[in-house]
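Asker: File coords.pdb follows (PDB, C-alpha atoms):
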```
ATOM      1  CA  MET A 630       0.000   0.000   0.000
ATOM      2  CA  GLY A 631       1.088   3.546  -0.685
ATOM      3  CA  ILE A 632      -0.036   7.057   0.155
ATOM      4  CA  LEU A 633      -0.837   9.570  -2.572
ATOM      5  CA  THR A 634      -0.703  13.129  -1.240
ATOM      6  CA  ILE A 635      -2.333  15.971  -3.143
ATOM      7  CA  PHE A 636      -1.548  19.555  -2.198
ATOM      8  CA  LEU A 637      -4.105  21.878  -3.770
ATOM      9  CA  ASP A 638      -2.413  25.252  -4.096
ATOM     10  CA  ARG A 639      -4.780  27.393  -6.153
ATOM     11  CA  ALA A 640      -6.919  27.810  -9.272
ATOM     12  CA  THR A 641      -6.701  30.696 -11.748
ATOM     13  CA  ASN A 642      -8.949  32.436 -14.289
ATOM     14  CA  LEU A 643     -12.036  30.387 -13.457
ATOM     15  CA  LYS A 644     -15.106  30.992 -15.582
ATOM     16  CA  ASP A 645     -17.912  32.769 -13.743
ATOM     17  CA  LYS A 646     -21.050  30.599 -13.731
ATOM     18  CA  ASP A 647     -23.268  32.948 -11.694
ATOM     19  CA  THR A 648     -25.482  35.625 -13.216
ATOM     20  CA  ILE A 649     -25.448  37.659  -9.994
ATOM     21  CA  GLY A 650     -22.119  38.023  -8.188
ATOM     22  CA  GLU A 651     -19.196  35.705  -8.826
ATOM     23  CA  SER A 652     -18.928  31.947  -8.529
ATOM     24  CA  ASP A 653     -18.153  30.164  -5.255
ATOM     25  CA  PRO A 654     -15.642  27.526  -6.385
ATOM     26  CA  TYR A 655     -14.540  24.320  -4.722
ATOM     27  CA  ILE A 656     -12.399  21.492  -6.085
ATOM     28  CA  LYS A 657     -13.492  17.869  -6.083
ATOM     29  CA  PHE A 658     -10.984  15.007  -6.504
ATOM     30  CA  GLU A 659     -12.063  11.525  -7.630
ATOM     31  CA  LEU A 660      -9.562   8.664  -7.836
ATOM     32  CA  GLU A 661     -10.237   5.559  -9.901
ATOM     33  CA  GLN A 662      -8.182   2.604 -11.048
ATOM     34  CA  ASN A 663      -9.068   1.813 -14.666
ATOM     35  CA  ASN A 664      -8.773  -1.972 -14.975
ATOM     36  CA  PHE A 665      -9.365  -4.040 -18.090
ATOM     37  CA  VAL A 666     -12.296  -5.703 -16.330
ATOM     38  CA  GLY A 667     -14.054  -3.608 -13.696
ATOM     39  CA  ASP A 668     -12.836  -0.208 -12.553
ATOM     40  CA  GLU A 669     -12.096   0.340  -8.862
ATOM     41  CA  ASP A 670     -13.193   3.540  -7.139
ATOM     42  CA  HIS A 671     -10.815   4.842  -4.456
ATOM     43  CA  GLY A 672     -13.048   7.645  -3.207
ATOM     44  CA  GLU A 673     -13.296  11.387  -3.450
ATOM     45  CA  HIS A 674     -12.224  14.492  -1.555
ATOM     46  CA  LYS A 675     -13.619  18.012  -1.609
ATOM     47  CA  SER A 676     -11.897  21.303  -0.830
ATOM     48  CA  THR A 677     -13.397  24.201   1.042
ATOM     49  CA  THR A 678     -15.579  26.635  -0.901
ATOM     50  CA  LYS A 679     -14.173  30.079  -1.697
ATOM     51  CA  GLU A 680     -16.949  32.648  -1.967
ATOM     52  CA  ASN A 681     -16.985  35.120  -4.874
ATOM     53  CA  ASP A 682     -13.466  34.233  -6.026
ATOM     54  CA  LEU A 683     -12.394  33.348  -9.578
ATOM     55  CA  ASN A 684      -8.721  33.008  -8.539
ATOM     56  CA  PRO A 685      -9.052  31.063  -5.272
ATOM     57  CA  VAL A 686      -6.095  30.081  -3.101
ATOM     58  CA  TYR A 687      -6.645  26.876  -1.109
ATOM     59  CA  GLY A 688      -3.434  25.589   0.482
ATOM     60  CA  GLU A 689      -5.172  22.291   1.340
ATOM     61  CA  THR A 690      -3.799  18.741   1.492
ATOM     62  CA  PHE A 691      -5.597  15.460   0.743
ATOM     63  CA  HIS A 692      -4.468  11.826   1.111
ATOM     64  CA  TYR A 693      -5.434   8.563  -0.590
ATOM     65  CA  ASN A 694      -4.306   5.117   0.562
ATOM     66  CA  ILE A 695      -3.884   3.139  -2.639
ATOM     67  CA  PRO A 696      -2.289  -0.214  -3.582
ATOM     68  CA  THR A 697      -0.386   1.084  -6.629
ATOM     69  CA  LEU A 698      -0.175   3.888  -9.190
ATOM     70  CA  ASP A 699      -0.822   1.447 -12.051
ATOM     71  CA  ASN A 700      -3.848   2.509 -14.115
ATOM     72  CA  MET A 701      -4.768   5.197 -11.549
ATOM     73  CA  GLU A 702      -6.594   8.243 -12.861
ATOM     74  CA  LEU A 703      -7.240  11.366 -10.811
ATOM     75  CA  THR A 704     -10.207  13.455 -11.937
ATOM     76  CA  VAL A 705     -10.126  17.089 -10.847
ATOM     77  CA  LYS A 706     -13.463  18.901 -11.045
ATOM     78  CA  VAL A 707     -13.870  22.606 -10.401
ATOM     79  CA  MET A 708     -17.400  23.218  -9.154
ATOM     80  CA  ASP A 709     -19.502  26.295  -8.331
ATOM     81  CA  ASP A 710     -21.373  25.928  -5.038
ATOM     82  CA  ASP A 711     -25.004  26.982  -5.604
ATOM     83  CA  ILE A 712     -28.166  26.625  -3.548
ATOM     84  CA  LEU A 713     -30.169  25.046  -6.379
ATOM     85  CA  GLY A 714     -27.410  22.685  -7.551
ATOM     86  CA  ASP A 715     -23.712  22.968  -8.204
ATOM     87  CA  ASP A 716     -22.405  23.910 -11.653
ATOM     88  CA  LYS A 717     -19.305  22.437 -13.265
ATOM     89  CA  MET A 718     -16.723  25.148 -14.000
ATOM     90  CA  GLY A 719     -14.005  22.889 -15.413
ATOM     91  CA  LYS A 720     -12.405  19.463 -15.306
ATOM     92  CA  CYS A 721      -9.250  17.523 -16.101
ATOM     93  CA  LYS A 722      -8.025  13.936 -15.804
ATOM     94  CA  ILE A 723      -4.492  13.009 -14.749
ATOM     95  CA  LYS A 724      -2.999   9.566 -15.410
ATOM     96  CA  LEU A 725      -0.844   9.101 -12.317
ATOM     97  CA  GLU A 726       1.349   6.213 -13.462
ATOM     98  CA  LYS A 727       2.778   8.377 -16.267
ATOM     99  CA  LEU A 728       4.061  11.031 -13.846
ATOM    100  CA  GLY A 729       6.805   8.981 -12.172
ATOM    101  CA  LEU A 730       5.655  10.101  -8.719
ATOM    102  CA  SER A 731       7.828   9.585  -5.653
ATOM    103  CA  GLY A 732       8.357  11.114  -2.218
ATOM    104  CA  SER A 733       9.745  14.212  -3.924
ATOM    105  CA  PRO A 734       7.018  16.784  -4.685
ATOM    106  CA  THR A 735       5.871  16.931  -8.326
ATOM    107  CA  PRO A 736       4.261  20.289  -9.184
ATOM    108  CA  LEU A 737       1.484  20.247 -11.792
ATOM    109  CA  ARG A 738      -0.355  22.987 -13.666
ATOM    110  CA  GLU A 739      -3.426  21.419 -15.269
ATOM    111  CA  LYS A 740      -5.854  23.115 -17.634
ATOM    112  CA  VAL A 741      -9.464  22.705 -16.502
ATOM    113  CA  TYR A 742     -11.217  25.025 -18.947
ATOM    114  CA  ASN A 743     -10.198  26.048 -22.454
ATOM    115  CA  ARG A 744     -11.326  29.496 -23.598
ATOM    116  CA  VAL A 745     -11.407  30.575 -27.233
ATOM    117  CA  PHE A 746     -11.030  34.203 -26.139
ATOM    118  CA  GLY A 747      -9.169  35.115 -22.953
ATOM    119  CA  ASP A 748      -7.021  33.148 -20.542
ATOM    120  CA  ASP A 749      -7.570  29.444 -19.888
ATOM    121  CA  SER A 750      -8.439  28.175 -16.398
ATOM    122  CA  TYR A 751      -5.867  26.150 -14.441
ATOM    123  CA  VAL A 752      -5.470  24.307 -11.148
ATOM    124  CA  PHE A 753      -2.074  24.135  -9.457
ATOM    125  CA  LEU A 754      -1.304  20.930  -7.545
ATOM    126  CA  THR A 755       1.696  19.210  -6.010
ATOM    127  CA  LEU A 756       1.642  15.395  -5.852
ATOM    128  CA  THR A 757       3.763  12.890  -3.929
ATOM    129  CA  TYR A 758       3.542   9.111  -3.613
ATOM    130  CA  VAL A 759       5.249   7.022  -0.927
ATOM    131  CA  GLU A 760       5.032   3.234  -0.740
TER     132      GLU A 760
END
```
Starting from the coordinates I provided, produce the structure as structure tokens.

Answerer:
Amino acid sequence: MGILTIFLDRATNLKDKDTIGESDPYIKFELEQNNFVGDEDHGEHKSTTKENDLNPVYGETFHYNIPTLDNMELTVKVMDDDILGDDKMGKCKIKLEKLGLSGSPTPLREKVYNRVFGDDSYVFLTLTYVE
């Protein structure tokens, strides 16, 4: 068994999904092992919500206990917290086994929303994996 540690630093240039005010973003992590027969879900984590902030800073850490990095895929969803239902602001998928993770921190800048006009949206993470 190993421990995957995710440090969520910040998100930038998020798209505003609210018609009144600005979005209230939070980040949701879902970890899944994509097997040839039957995928295995390793759970999800959710950050705090940052009110009216399209460039939120989190500084939060999350941990997963997992058997291996083989076929592991981390889905990062940027969501807008709303009373009537949360809106998706962006998303990316990261194939962990391709990153060569170790106990040394690996910084990542992942695009979660692609704009035709203007700056794209990104999340900034640092990942480590210790067996």

Asker: Set the distance at 12 Å and use only C-alpha atoms: which residues neighbour stretch 721-724 of chain A once local chain neighbours fewer than 5 positions away are removed? I'd like the list as a count of residues only.

Answerer: 33

Asker: Between atom CA of A:Ile635 and atom CA of A:Gly719, what is the spacing in Å?

Answerer: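 Those two atoms sit 18.3 Å apart.
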
Asker: Just so the selection is clear, what residues does the PyMOL selection byres ((chain A and resi 638-647) around 7) cover here, as a PyMOL selection string?

Answerer: chain A and resi 636-637+648-652+683-689+718+748-754

Asker: Return the single residue from A:Arg744, A:Lys720, A:His674, A:Lys727 that is closest to A:Phe691, with distances computed using all atoms listed in the file.

Answerer: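 Smallest separation from A:Phe691 among the options: A:His674.
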
Asker: Between atom CA of A:Asn694 and atom CA of A:Ile632, what is the distance, to one decimal in Å?

Answerer: 4.7 Å

Asker: Between atom CA of A:Glu669 and atom CA of A:Thr757, what is the distance, to one decimal in Å?

Answerer: 20.8 Å

Asker: Evaluate the PyMOL selection byres ((chain A and resi 680) around 8) on the structure here and hand back the selected residues as a list in words.

Answerer: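 Selection result, ordered by chain and number: Glu651, Ser652, Asp653, Pro654, Thr678, Lys679, Asn681 and Asp682 of chain A.
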
Asker: Compile the contact shell of A:Val759 as a PDB file with C-alpha atoms, keeping the file's coordinate frame: residues with an atom at most 8 Å away, counting all atoms listed in the file, same-chain residues fewer than 3 positions apart removed.

Answerer:
```pdb
ATOM      1  CA  GLY A 631       1.088   3.546  -0.685  1.00  0.00           C
ATOM      2  CA  ILE A 632      -0.036   7.057   0.155  1.00  0.00           C
ATOM      3  CA  LEU A 633      -0.837   9.570  -2.572  1.00  0.00           C
ATOM      4  CA  SER A 731       7.828   9.585  -5.653  1.00  0.00           C
ATOM      5  CA  GLY A 732       8.357  11.114  -2.218  1.00  0.00           C
TER       6      GLY A 732
END
```

Asker: Which residue gives the smallest distance to A:His692 among A:Glu726, A:His671, A:Ile712, A:Asn664, with only C-alpha atoms counted?

Answerer: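 Checking each of A:Glu726, A:His671, A:Ile712, A:Asn664 against A:His692, counting only C-alpha atoms, the winner is A:His671.
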
Asker: Could you give me the centre and size, in Å to one decimal, of an axis-aligned box around all listed atoms of stretch 715-734 of chain A with 6 Å added on every side, as JSON?

Answerer:
```
{"center_x": -7.0, "center_y": 15.7, "center_z": -9.2, "size_x": 45.5, "size_y": 30.9, "size_z": 26.0}
```

Asker: Identify which of the residues A:Met630, A:Tyr693, A:Glu760, A:Thr755 lies closest to A:Glu673, counting all atoms listed in the file when measuring atom-to-atom distances.

Answerer: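 Ranking A:Met630, A:Tyr693, A:Glu760, A:Thr755 by distance to A:Glu673, first place goes to A:Tyr693.
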
Asker: With only C-alpha atoms as the basis for distance, which of A:Gly667, A:Gly747, A:Tyr758, A:Thr677 is at the shortest distance from A:Asp710?

Answerer: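 Checking each of A:Gly667, A:Gly747, A:Tyr758, A:Thr677 against A:Asp710, counting only C-alpha atoms, the winner is A:Thr677.
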